[in-house]
file data25.cif (mmCIF, C-alpha atoms and all ligand atoms)
data_coords
loop_
_atom_site.group_PDB
_atom_site.id
_atom_site.type_symbol
_atom_site.label_atom_id
_atom_site.label_comp_id
_atom_site.auth_asym_id
_atom_site.auth_seq_id
_atom_site.Cartn_x
_atom_site.Cartn_y
_atom_site.Cartn_z
ATOM 1 C CA MET A 299 101.665 104.169 70.837
ATOM 2 C CA ASP A 300 100.323 100.619 70.929
ATOM 3 C CA PRO A 301 96.895 100.873 72.599
ATOM 4 C CA ASN A 302 97.590 97.616 74.430
ATOM 5 C CA SER A 303 100.855 98.776 75.906
ATOM 6 C CA PRO A 304 100.660 99.989 79.499
ATOM 7 C CA ILE A 305 100.161 103.706 80.031
ATOM 8 C CA ILE A 306 102.650 103.647 82.931
ATOM 9 C CA ARG A 307 105.492 101.152 83.281
ATOM 10 C CA LEU A 308 108.178 100.838 85.925
ATOM 11 C CA GLN A 309 110.936 98.473 84.947
ATOM 12 C CA GLY A 310 113.615 97.317 87.376
ATOM 13 C CA VAL A 311 113.381 100.521 89.380
ATOM 14 C CA ASN A 312 115.874 100.920 92.222
ATOM 15 C CA LYS A 313 115.931 103.943 94.493
ATOM 16 C CA SER A 314 117.893 104.714 97.624
ATOM 17 C CA PHE A 315 117.835 107.731 99.882
ATOM 18 C CA GLY A 316 121.296 107.870 101.420
ATOM 19 C CA THR A 317 122.159 104.308 102.346
ATOM 20 C CA PHE A 318 118.499 103.299 102.692
ATOM 21 C CA LYS A 319 117.288 101.256 99.755
ATOM 22 C CA VAL A 320 113.641 102.297 99.376
ATOM 23 C CA LEU A 321 112.708 100.566 96.111
ATOM 24 C CA GLN A 322 114.287 97.316 94.982
ATOM 25 C CA ASN A 323 113.858 96.201 91.413
ATOM 26 C CA VAL A 324 110.239 97.327 91.112
ATOM 27 C CA ASP A 325 108.365 96.214 87.974
ATOM 28 C CA LEU A 326 104.849 97.555 87.613
ATOM 29 C CA GLU A 327 102.506 98.109 84.682
ATOM 30 C CA ILE A 328 99.364 100.221 84.742
ATOM 31 C CA ARG A 329 96.886 99.669 81.945
ATOM 32 C CA SER A 330 95.012 102.457 80.269
ATOM 33 C CA GLY A 331 91.702 103.132 82.019
ATOM 34 C CA GLU A 332 92.318 100.954 85.055
ATOM 35 C CA THR A 333 92.486 101.930 88.701
ATOM 36 C CA LEU A 334 95.506 100.334 90.318
ATOM 37 C CA VAL A 335 95.737 100.569 94.090
ATOM 38 C CA ILE A 336 99.086 100.334 95.858
ATOM 39 C CA ILE A 337 98.852 99.089 99.429
ATOM 40 C CA GLY A 338 101.387 98.518 102.166
ATOM 41 C CA ARG A 339 102.457 99.738 105.563
ATOM 42 C CA SER A 340 103.764 103.180 106.256
ATOM 43 C CA GLY A 341 107.319 103.732 105.031
ATOM 44 C CA VAL A 342 107.476 100.863 102.504
ATOM 45 C CA GLY A 343 107.904 103.147 99.494
ATOM 46 C CA LYS A 344 104.350 103.732 98.201
ATOM 47 C CA SER A 345 104.642 107.509 97.815
ATOM 48 C CA THR A 346 108.096 107.074 96.309
ATOM 49 C CA ILE A 347 106.607 104.901 93.554
ATOM 50 C CA LEU A 348 103.968 107.557 92.864
ATOM 51 C CA ARG A 349 106.611 110.295 92.790
ATOM 52 C CA HIS A 350 108.551 108.336 90.165
ATOM 53 C CA MET A 351 105.415 108.192 88.006
ATOM 54 C CA ALA A 352 104.965 111.955 88.302
ATOM 55 C CA GLY A 353 108.605 112.541 87.359
ATOM 56 C CA LEU A 354 109.268 114.159 90.725
ATOM 57 C CA VAL A 355 111.989 111.622 91.567
ATOM 58 C CA ALA A 356 114.318 109.821 89.171
ATOM 59 C CA PRO A 357 115.289 106.177 89.656
ATOM 60 C CA ASP A 358 118.919 105.307 90.514
ATOM 61 C CA SER A 359 118.594 102.531 87.948
ATOM 62 C CA GLY A 360 115.741 101.095 85.930
ATOM 63 C CA GLU A 361 113.209 102.932 83.809
ATOM 64 C CA VAL A 362 109.898 104.742 84.237
ATOM 65 C CA TRP A 363 107.750 105.019 81.122
ATOM 66 C CA VAL A 364 104.621 107.160 81.008
ATOM 67 C CA GLU A 365 102.543 107.381 77.847
ATOM 68 C CA GLY A 366 105.370 105.889 75.805
ATOM 69 C CA GLN A 367 108.013 108.273 77.110
ATOM 70 C CA ASP A 368 111.041 107.488 79.253
ATOM 71 C CA VAL A 369 110.522 109.992 82.066
ATOM 72 C CA ALA A 370 114.207 110.138 83.075
ATOM 73 C CA ARG A 371 115.231 111.158 79.540
ATOM 74 C CA LEU A 372 112.704 113.939 79.128
ATOM 75 C CA SER A 373 113.867 117.525 79.000
ATOM 76 C CA GLU A 374 112.368 119.984 81.472
ATOM 77 C CA GLY A 375 109.951 121.071 78.735
ATOM 78 C CA GLY A 376 109.012 117.488 77.884
ATOM 79 C CA LEU A 377 108.409 116.739 81.534
ATOM 80 C CA ASN A 378 106.177 119.794 81.862
ATOM 81 C CA GLU A 379 104.146 118.650 78.861
ATOM 82 C CA LEU A 380 103.788 115.194 80.402
ATOM 83 C CA ARG A 381 102.763 116.663 83.762
ATOM 84 C CA LYS A 382 99.979 118.573 82.011
ATOM 85 C CA LYS A 383 98.358 115.204 81.344
ATOM 86 C CA MET A 384 98.581 114.181 84.997
ATOM 87 C CA GLY A 385 96.648 115.231 88.043
ATOM 88 C CA VAL A 386 98.138 114.552 91.445
ATOM 89 C CA VAL A 387 96.110 114.453 94.653
ATOM 90 C CA PHE A 388 98.689 114.844 97.387
ATOM 91 C CA GLN A 389 98.365 113.514 100.896
ATOM 92 C CA TYR A 390 96.661 116.015 103.241
ATOM 93 C CA ALA A 391 95.308 117.872 100.172
ATOM 94 C CA ALA A 392 98.369 120.190 100.284
ATOM 95 C CA LEU A 393 96.469 123.324 99.310
ATOM 96 C CA PHE A 394 98.091 126.749 99.390
ATOM 97 C CA ASP A 395 96.743 128.284 102.598
ATOM 98 C CA SER A 396 97.130 131.878 101.440
ATOM 99 C CA LEU A 397 95.246 131.315 98.175
ATOM 100 C CA THR A 398 91.503 131.086 97.701
ATOM 101 C CA VAL A 399 89.739 127.947 96.519
ATOM 102 C CA PHE A 400 89.566 129.470 93.032
ATOM 103 C CA GLU A 401 93.287 130.299 93.000
ATOM 104 C CA ASN A 402 94.195 126.841 94.275
ATOM 105 C CA ILE A 403 92.165 124.996 91.657
ATOM 106 C CA ALA A 404 93.010 127.367 88.817
ATOM 107 C CA PHE A 405 96.715 127.558 89.682
ATOM 108 C CA ARG A 406 98.030 125.476 86.809
ATOM 109 C CA LEU A 407 95.310 126.560 84.392
ATOM 110 C CA LEU A 408 96.564 130.124 84.769
ATOM 111 C CA ARG A 409 100.286 129.310 84.987
ATOM 112 C CA ASP A 410 100.772 126.351 82.614
ATOM 113 C CA PHE A 411 97.787 126.591 80.292
ATOM 114 C CA GLN A 412 97.660 130.401 80.006
ATOM 115 C CA MET A 413 93.905 130.331 80.502
ATOM 116 C CA SER A 414 92.092 133.637 81.075
ATOM 117 C CA ARG A 415 90.730 134.212 84.599
ATOM 118 C CA SER A 416 87.152 134.281 83.379
ATOM 119 C CA LYS A 417 87.519 130.986 81.501
ATOM 120 C CA ALA A 418 89.350 129.489 84.508
ATOM 121 C CA LEU A 419 86.494 130.542 86.781
ATOM 122 C CA GLU A 420 84.085 128.676 84.535
ATOM 123 C CA VAL A 421 86.258 125.552 84.670
ATOM 124 C CA VAL A 422 86.725 125.816 88.443
ATOM 125 C CA LYS A 423 82.973 126.018 89.034
ATOM 126 C CA GLN A 424 82.395 123.018 86.799
ATOM 127 C CA LYS A 425 85.060 120.962 88.642
ATOM 128 C CA LEU A 426 83.659 121.984 92.037
ATOM 129 C CA GLU A 427 80.300 120.657 90.958
ATOM 130 C CA LEU A 428 81.915 117.422 89.771
ATOM 131 C CA VAL A 429 83.454 116.838 93.210
ATOM 132 C CA GLY A 430 80.185 117.674 94.953
ATOM 133 C CA LEU A 431 80.975 121.163 96.226
ATOM 134 C CA LYS A 432 79.013 124.378 95.792
ATOM 135 C CA ASP A 433 80.585 126.922 93.466
ATOM 136 C CA ASP A 434 80.099 129.741 95.978
ATOM 137 C CA LEU A 435 83.171 128.381 97.824
ATOM 138 C CA VAL A 436 85.525 129.938 95.291
ATOM 139 C CA ASP A 437 86.501 132.917 97.452
ATOM 140 C CA LEU A 438 87.080 130.973 100.673
ATOM 141 C CA LYS A 439 90.513 130.048 102.013
ATOM 142 C CA PRO A 440 91.413 126.422 102.847
ATOM 143 C CA ALA A 441 91.323 127.164 106.592
ATOM 144 C CA GLN A 442 87.601 127.893 106.257
ATOM 145 C CA LEU A 443 86.894 124.385 104.917
ATOM 146 C CA SER A 444 86.467 121.024 106.654
ATOM 147 C CA GLY A 445 89.001 118.229 106.058
ATOM 148 C CA GLY A 446 86.671 116.471 103.642
ATOM 149 C CA MET A 447 86.049 119.674 101.701
ATOM 150 C CA ARG A 448 89.782 120.295 101.436
ATOM 151 C CA LYS A 449 90.243 116.802 99.977
ATOM 152 C CA ARG A 450 87.539 117.560 97.438
ATOM 153 C CA VAL A 451 89.194 120.845 96.518
ATOM 154 C CA GLY A 452 92.487 118.935 96.123
ATOM 155 C CA LEU A 453 90.712 116.563 93.779
ATOM 156 C CA ALA A 454 89.106 119.423 91.846
ATOM 157 C CA ARG A 455 92.587 120.912 91.415
ATOM 158 C CA ALA A 456 93.942 117.579 90.159
ATOM 159 C CA ILE A 457 91.222 117.257 87.517
ATOM 160 C CA ALA A 458 91.167 120.947 86.552
ATOM 161 C CA ALA A 459 93.075 120.412 83.305
ATOM 162 C CA ASP A 460 91.255 117.188 82.342
ATOM 163 C CA PRO A 461 94.172 114.827 83.003
ATOM 164 C CA GLU A 462 94.492 111.389 81.427
ATOM 165 C CA ILE A 463 96.119 110.040 84.578
ATOM 166 C CA ILE A 464 95.266 110.801 88.216
ATOM 167 C CA LEU A 465 97.687 109.872 90.986
ATOM 168 C CA TYR A 466 96.190 109.798 94.480
ATOM 169 C CA ASP A 467 98.399 109.672 97.572
ATOM 170 C CA GLU A 468 96.403 108.522 100.605
ATOM 171 C CA PRO A 469 93.220 110.330 99.509
ATOM 172 C CA THR A 470 91.233 109.140 102.520
ATOM 173 C CA SER A 471 93.820 109.410 105.280
ATOM 174 C CA GLY A 472 92.754 111.507 108.227
ATOM 175 C CA LEU A 473 89.076 111.431 107.253
ATOM 176 C CA ASP A 474 86.185 109.891 109.173
ATOM 177 C CA PRO A 475 84.655 106.729 107.627
ATOM 178 C CA VAL A 476 81.677 108.516 106.069
ATOM 179 C CA THR A 477 83.789 111.217 104.431
ATOM 180 C CA SER A 478 86.330 108.560 103.351
ATOM 181 C CA ASP A 479 83.607 106.679 101.593
ATOM 182 C CA ALA A 480 82.420 109.827 99.837
ATOM 183 C CA ILE A 481 85.972 110.257 98.521
ATOM 184 C CA ASN A 482 86.009 106.612 97.373
ATOM 185 C CA ASP A 483 82.779 107.262 95.481
ATOM 186 C CA LEU A 484 84.378 110.302 93.878
ATOM 187 C CA ILE A 485 87.369 108.236 92.725
ATOM 188 C CA LEU A 486 84.941 105.774 91.123
ATOM 189 C CA ASP A 487 83.023 108.697 89.621
ATOM 190 C CA MET A 488 86.168 110.190 88.082
ATOM 191 C CA GLN A 489 86.950 106.862 86.498
ATOM 192 C CA LYS A 490 83.445 106.551 85.042
ATOM 193 C CA LYS A 491 82.881 110.147 83.973
ATOM 194 C CA LEU A 492 86.403 111.096 82.913
ATOM 195 C CA LYS A 493 87.682 107.656 81.778
ATOM 196 C CA VAL A 494 91.000 108.330 83.435
ATOM 197 C CA THR A 495 93.736 105.933 84.466
ATOM 198 C CA SER A 496 94.240 106.097 88.222
ATOM 199 C CA VAL A 497 96.886 105.020 90.667
ATOM 200 C CA VAL A 498 95.784 105.188 94.282
ATOM 201 C CA VAL A 499 98.161 104.790 97.217
ATOM 202 C CA THR A 500 96.452 103.818 100.443
ATOM 203 C CA HIS A 501 96.752 101.693 103.533
ATOM 204 C CA ASP A 502 92.968 101.581 103.879
ATOM 205 C CA MET A 503 91.792 98.142 102.682
ATOM 206 C CA HIS A 504 88.148 99.162 102.544
ATOM 207 C CA SER A 505 89.066 101.915 100.117
ATOM 208 C CA ALA A 506 91.347 99.570 98.143
ATOM 209 C CA TYR A 507 88.642 96.951 97.630
ATOM 210 C CA LYS A 508 86.112 99.577 96.690
ATOM 211 C CA VAL A 509 88.012 101.457 93.983
ATOM 212 C CA ALA A 510 90.570 98.972 92.612
ATOM 213 C CA ASN A 511 90.585 97.012 89.406
ATOM 214 C CA ARG A 512 93.901 95.602 90.612
ATOM 215 C CA ILE A 513 95.824 95.872 93.859
ATOM 216 C CA ALA A 514 99.610 95.766 94.261
ATOM 217 C CA MET A 515 101.085 95.099 97.682
ATOM 218 C CA ILE A 516 104.459 96.627 98.547
ATOM 219 C CA TYR A 517 106.656 95.292 101.286
ATOM 220 C CA ASP A 518 110.225 96.266 101.962
ATOM 221 C CA GLY A 519 110.501 98.174 98.681
ATOM 222 C CA LYS A 520 109.321 95.236 96.588
ATOM 223 C CA ILE A 521 106.034 94.266 95.003
ATOM 224 C CA ILE A 522 105.126 91.045 96.747
ATOM 225 C CA GLY A 523 101.735 90.526 95.148
ATOM 226 C CA ILE A 524 99.490 91.974 92.483
ATOM 227 C CA GLY A 525 96.017 90.939 91.380
ATOM 228 C CA THR A 526 92.316 91.659 91.451
ATOM 229 C CA PRO A 527 90.773 92.520 94.815
ATOM 230 C CA GLY A 528 89.472 88.921 94.980
ATOM 231 C CA GLU A 529 92.899 87.477 94.276
ATOM 232 C CA ILE A 530 94.537 89.677 96.906
ATOM 233 C CA GLN A 531 91.831 88.833 99.429
ATOM 234 C CA ASP A 532 92.407 85.112 98.849
ATOM 235 C CA SER A 533 96.200 85.381 98.742
ATOM 236 C CA ARG A 534 98.067 82.643 100.574
ATOM 237 C CA ASP A 535 101.103 84.835 101.047
ATOM 238 C CA PRO A 536 101.194 85.154 104.846
ATOM 239 C CA TYR A 537 102.298 88.775 104.691
ATOM 240 C CA ILE A 538 99.533 89.825 102.305
ATOM 241 C CA HIS A 539 97.011 87.799 104.261
ATOM 242 C CA GLN A 540 97.990 89.469 107.492
ATOM 243 C CA PHE A 541 97.870 92.944 105.972
ATOM 244 C CA VAL A 542 94.496 92.585 104.258
ATOM 245 C CA THR A 543 92.793 90.910 107.202
ATOM 246 C CA GLY A 544 94.205 93.563 109.502
ATOM 247 C CA SER A 545 95.397 91.008 112.025
ATOM 248 C CA VAL A 546 98.120 93.182 113.415
ATOM 249 C CA ASN A 547 98.553 91.332 116.695
ATOM 250 C CA GLY A 548 101.985 89.869 117.019
ATOM 251 C CA PRO A 549 104.956 90.346 114.742
ATOM 252 C CA MET A 550 104.619 90.327 110.983
ATOM 253 C CA PRO A 551 105.521 86.940 109.500
ATOM 254 C CA VAL A 552 109.113 86.600 108.374
ATOM 255 C CA ARG A 553 109.575 86.457 104.632
HETATM 256 N N1 LIG B 601 113.161 112.602 99.760
HETATM 257 C C1 LIG B 601 113.499 111.666 100.673
HETATM 258 N N2 LIG B 601 114.678 111.757 101.348
HETATM 259 C C2 LIG B 601 115.027 110.825 102.248
HETATM 260 N N3 LIG B 601 114.272 109.768 102.585
HETATM 261 C C3 LIG B 601 113.090 109.634 101.975
HETATM 262 C C4 LIG B 601 112.645 110.580 100.991
HETATM 263 N N4 LIG B 601 111.413 110.182 100.544
HETATM 264 C C5 LIG B 601 111.125 109.054 101.219
HETATM 265 N N5 LIG B 601 112.111 108.720 102.061
HETATM 266 C C6 LIG B 601 112.141 107.526 102.938
HETATM 267 O O1 LIG B 601 111.821 106.420 102.123
HETATM 268 C C7 LIG B 601 110.966 105.523 102.810
HETATM 269 C C8 LIG B 601 109.698 105.299 102.011
HETATM 270 O O2 LIG B 601 108.976 106.498 101.966
HETATM 271 P P1 LIG B 601 107.554 106.630 101.297
HETATM 272 O O3 LIG B 601 107.652 106.258 99.872
HETATM 273 O O4 LIG B 601 107.078 107.982 101.619
HETATM 274 O O5 LIG B 601 106.732 105.525 102.084
HETATM 275 P P2 LIG B 601 105.147 105.309 102.182
HETATM 276 O O6 LIG B 601 104.493 106.261 101.250
HETATM 277 O O7 LIG B 601 104.931 103.879 101.837
HETATM 278 O O8 LIG B 601 104.779 105.581 103.612
HETATM 279 C C9 LIG B 601 110.730 106.122 104.187
HETATM 280 O O9 LIG B 601 111.598 105.511 105.103
HETATM 281 C C10 LIG B 601 111.070 107.575 103.999
HETATM 282 O O10 LIG B 601 111.539 108.126 105.195
HETATM 283 MG MG MG B 602 103.246 107.849 101.640
#

call {"tool": "encode", "arguments": {"input": "data25.cif", "output": "structure tokens"}}
result
Amino acid sequence: MDPNSPIIRLQGVNKSFGTFKVLQNVDLEIRSGETLVIIGRSGVGKSTILRHMAGLVAPDSGEVWVEGQDVARLSEGGLNELRKKMGVVFQYAALFDSLTVFENIAFRLLRDFQMSRSKALEVVKQKLELVGLKDDLVDLKPAQLSGGMRKRVGLARAIAADPEIILYDEPTSGLDPVTSDAINDLILDMQKKLKVTSVVVTHDMHSAYKVANRIAMIYDGKIIGIGTPGEIQDSRDPYIHQFVTGSVNGPMPVR
């Protein structure tokens, strides 16, 4: 693979659910090692874009390329291999309530990587430390953890198998500002320590500015702007301007 080619590329992606056209001709390239943040209001298609990258949804038309492979053409086995290189941090952490912290984080190590339990325990403890949690949490259940701790466990699970790509869906939603900022620091940390490529979906501009190399704004299923945080902040597009300045009084400008 050409090292300069993007690690993830969406090309002319269209996706409808029923008669509702969620994504319209989306083109997006993510470069190796960058953190791209996708912003936009609720319901504009941010999670749907992320789910295409993870191969969880297939486009109606257009192509999704990840690490030089056309995701829609991969066999089940090929897709599983690709998913081994990806870590996904789902919204609301999405931990298995009946499993312990160890079992949650080690889930794929045991199932997809056939790792022994003792080796997995070693890895789990190391990942817990990386996300700033004590390793004596391993036997607790998610219900015994705070919201911020659950997010950290979700992140530890995503990085358990040393992914090359981490996809984050609203990693700070539902958290207080201090805990949100700790998660932002962790995202930056992962990028520095693990040299991963990250795609972060959020509607939190503070978080976007803090972690992004580039920001893409989605509106009505289309990418209406993409650039560095500075470029997005200075955008003259009235819609982008209104979103990033948070001036939500009055109707959104008509495009
Ligand atoms: N599996 C699905 N089935 C039907 N509608 C869906 C599905 N996934 C998403 N949608 C709809 O697509 C739109 C965009 O969803 P989503 O990508 O989750 O938006 P966002 O993450 O920006 O809030 C929403 O209106 C949502 O209801
Ligand atoms: Mg979403």

call {"tool": "closest_residue", "arguments": {"input": "data25.cif", "among": "A:Met384, A:Val498, A:Ala514, A:Leu431", "to": "ligand MG 602 (chain B)", "atoms": "all atoms listed in the file"}}
result
A:Val498

call {"tool": "atom_distance", "arguments": {"input": "data25.cif", "atom1": "atom CA of A:Ser444", "atom2": "atom CA of A:Ile481"}}
result
13.5 Å

call {"tool": "residues_near_ligand", "arguments": {"input": "data25.cif", "ligand": "ligand LIG 601 (chain B)", "cutoff": "6 Å", "atoms": "only C-alpha atoms and all ligand atoms", "output": "PDB file with C-alpha atoms, in the frame of the given file"}}
result
ATOM      1  CA  PHE A 315     117.835 107.731  99.882  1.00  0.00           C
ATOM      2  CA  VAL A 320     113.641 102.297  99.376  1.00  0.00           C
ATOM      3  CA  SER A 340     103.764 103.180 106.256  1.00  0.00           C
ATOM      4  CA  GLY A 341     107.319 103.732 105.031  1.00  0.00           C
ATOM      5  CA  VAL A 342     107.476 100.863 102.504  1.00  0.00           C
ATOM      6  CA  GLY A 343     107.904 103.147  99.494  1.00  0.00           C
ATOM      7  CA  LYS A 344     104.350 103.732  98.201  1.00  0.00           C
ATOM      8  CA  SER A 345     104.642 107.509  97.815  1.00  0.00           C
ATOM      9  CA  THR A 346     108.096 107.074  96.309  1.00  0.00           C
TER      10      THR A 346
END

call {"tool": "residues_around", "arguments": {"input": "data25.cif", "residues": "A:Gln424", "least_positions_apart": "4", "cutoff": "12 Å", "atoms": "all atoms listed in the file", "output": "count of residues only"}}
result
21

call {"tool": "resolve_selection", "arguments": {"input": "data25.cif", "expression": "the PyMOL selection byres (((chain A and resi 369-378) around 10) and not hetatm)", "output": "PDB file with C-alpha atoms, in the frame of the given file"}}
result
ATOM      1  CA  HIS A 350     108.551 108.336  90.165  1.00  0.00           C
ATOM      2  CA  MET A 351     105.415 108.192  88.006  1.00  0.00           C
ATOM      3  CA  ALA A 352     104.965 111.955  88.302  1.00  0.00           C
ATOM      4  CA  GLY A 353     108.605 112.541  87.359  1.00  0.00           C
ATOM      5  CA  LEU A 354     109.268 114.159  90.725  1.00  0.00           C
ATOM      6  CA  VAL A 355     111.989 111.622  91.567  1.00  0.00           C
ATOM      7  CA  ALA A 356     114.318 109.821  89.171  1.00  0.00           C
ATOM      8  CA  PRO A 357     115.289 106.177  89.656  1.00  0.00           C
ATOM      9  CA  GLY A 360     115.741 101.095  85.930  1.00  0.00           C
ATOM     10  CA  GLU A 361     113.209 102.932  83.809  1.00  0.00           C
ATOM     11  CA  VAL A 362     109.898 104.742  84.237  1.00  0.00           C
ATOM     12  CA  TRP A 363     107.750 105.019  81.122  1.00  0.00           C
ATOM     13  CA  VAL A 364     104.621 107.160  81.008  1.00  0.00           C
ATOM     14  CA  GLU A 365     102.543 107.381  77.847  1.00  0.00           C
ATOM     15  CA  GLY A 366     105.370 105.889  75.805  1.00  0.00           C
ATOM     16  CA  GLN A 367     108.013 108.273  77.110  1.00  0.00           C
ATOM     17  CA  ASP A 368     111.041 107.488  79.253  1.00  0.00           C
ATOM     18  CA  GLU A 379     104.146 118.650  78.861  1.00  0.00           C
ATOM     19  CA  LEU A 380     103.788 115.194  80.402  1.00  0.00           C
ATOM     20  CA  ARG A 381     102.763 116.663  83.762  1.00  0.00           C
ATOM     21  CA  LYS A 382      99.979 118.573  82.011  1.00  0.00           C
ATOM     22  CA  LYS A 383      98.358 115.204  81.344  1.00  0.00           C
ATOM     23  CA  MET A 384      98.581 114.181  84.997  1.00  0.00           C
ATOM     24  CA  ASP A 410     100.772 126.351  82.614  1.00  0.00           C
TER      25      ASP A 410
END

call {"tool": "resolve_selection", "arguments": {"input": "data25.cif", "expression": "the PyMOL selection byres (((chain A and resi 323-334) around 7) and not hetatm)", "output": "PyMOL selection string"}}
result
chain A and resi 304-312+321-322+335-336+493-498+509-513+520-521

call {"tool": "resolve_selection", "arguments": {"input": "data25.cif", "expression": "the PyMOL selection byres (((chain A and resi 398) around 7) and not hetatm)", "output": "PyMOL selection string"}}
result
chain A and resi 396-397+399-402+436-440

call {"tool": "closest_residue", "arguments": {"input": "data25.cif", "among": "A:Val499, A:Leu443, A:Ile538, A:Ile524", "to": "ligand MG 602 (chain B)", "atoms": "all atoms listed in the file"}}
result
A:Val499

call {"tool": "closest_residue", "arguments": {"input": "data25.cif", "among": "A:Ala506, A:Ile516, A:Leu484, A:Val542", "to": "ligand MG 602 (chain B)", "atoms": "only C-alpha atoms and all ligand atoms"}}
result
A:Ile516

call {"tool": "atom_distance", "arguments": {"input": "data25.cif", "atom1": "atom CA of A:Asp467", "atom2": "atom CA of A:Arg415"}}
result
28.8 Å

call {"tool": "axis_aligned_box", "arguments": {"input": "data25.cif", "around": "stretch 387-400 of chain A", "padding_each_side": "3 Å", "output": "JSON"}}
result
{"center_x": 94.1, "center_y": 122.7, "center_z": 98.1, "size_x": 15.1, "size_y": 24.4, "size_z": 16.2}

call {"tool": "atom_distance", "arguments": {"input": "data25.cif", "atom1": "atom CA of A:Gln531", "atom2": "atom CA of A:Arg349"}}
result
26.9 Å

call {"tool": "closest_residue", "arguments": {"input": "data25.cif", "among": "A:Ser471, A:Arg534, A:Phe405, A:Lys423", "to": "ligand MG 602 (chain B)", "atoms": "all atoms listed in the file"}}
result
A:Ser471

call {"tool": "closest_residue", "arguments": {"input": "data25.cif", "among": "A:Asn482, A:Ser414, A:Gln389, A:Gln489", "to": "ligand MG 602 (chain B)", "atoms": "all atoms listed in the file"}}
result
A:Gln389

call {"tool": "closest_residue", "arguments": {"input": "data25.cif", "among": "A:Phe394, A:Lys425, A:Thr526, A:Gly445", "to": "A:Lys491", "atoms": "all atoms listed in the file"}}
result
A:Lys425

call {"tool": "build_atoms", "arguments": {"input": "data25.cif", "residues": "stretch 503-520 of chain A", "atoms": "N, CA and C atoms", "output": "short mmCIF file (atom, residue, chain, number, x, y, z; two decimals), in the frame of the given file"}}
result
data_model
loop_
_atom_site.label_atom_id
_atom_site.label_comp_id
_atom_site.auth_asym_id
_atom_site.auth_seq_id
_atom_site.Cartn_x
_atom_site.Cartn_y
_atom_site.Cartn_z
N MET A 503 92.24 99.27 103.50
CA MET A 503 91.79 98.14 102.68
C MET A 503 90.36 98.31 102.17
N HIS A 504 89.53 98.95 102.98
CA HIS A 504 88.15 99.16 102.54
C HIS A 504 88.14 99.99 101.25
N SER A 505 88.93 101.05 101.28
CA SER A 505 89.07 101.92 100.12
C SER A 505 89.66 101.14 98.94
N ALA A 506 90.69 100.34 99.21
CA ALA A 506 91.35 99.57 98.14
C ALA A 506 90.35 98.64 97.44
N TYR A 507 89.60 97.89 98.23
CA TYR A 507 88.64 96.95 97.63
C TYR A 507 87.58 97.69 96.83
N LYS A 508 87.20 98.85 97.33
CA LYS A 508 86.11 99.58 96.69
C LYS A 508 86.49 100.18 95.33
N VAL A 509 87.69 100.72 95.22
CA VAL A 509 88.01 101.46 93.98
C VAL A 509 88.89 100.69 92.98
N ALA A 510 89.54 99.60 93.45
CA ALA A 510 90.57 98.97 92.61
C ALA A 510 90.05 98.05 91.52
N ASN A 511 90.69 98.11 90.37
CA ASN A 511 90.58 97.01 89.41
C ASN A 511 91.65 95.97 89.76
N ARG A 512 92.84 96.48 90.13
CA ARG A 512 93.90 95.60 90.61
C ARG A 512 94.57 96.25 91.82
N ILE A 513 95.13 95.40 92.65
CA ILE A 513 95.82 95.87 93.86
C ILE A 513 97.25 95.33 93.83
N ALA A 514 98.21 96.20 94.13
CA ALA A 514 99.61 95.77 94.26
C ALA A 514 100.04 96.00 95.70
N MET A 515 100.63 94.97 96.29
CA MET A 515 101.08 95.10 97.68
C MET A 515 102.60 95.29 97.72
N ILE A 516 103.03 96.33 98.43
CA ILE A 516 104.46 96.63 98.55
C ILE A 516 104.92 96.24 99.95
N TYR A 517 106.05 95.58 100.00
CA TYR A 517 106.66 95.29 101.29
C TYR A 517 108.15 95.42 101.12
N ASP A 518 108.78 96.17 101.98
CA ASP A 518 110.22 96.27 101.96
C ASP A 518 110.75 96.70 100.59
N GLY A 519 110.05 97.65 99.96
CA GLY A 519 110.50 98.17 98.68
C GLY A 519 110.29 97.27 97.49
N LYS A 520 109.56 96.16 97.70
CA LYS A 520 109.32 95.24 96.59
C LYS A 520 107.83 94.99 96.44
#
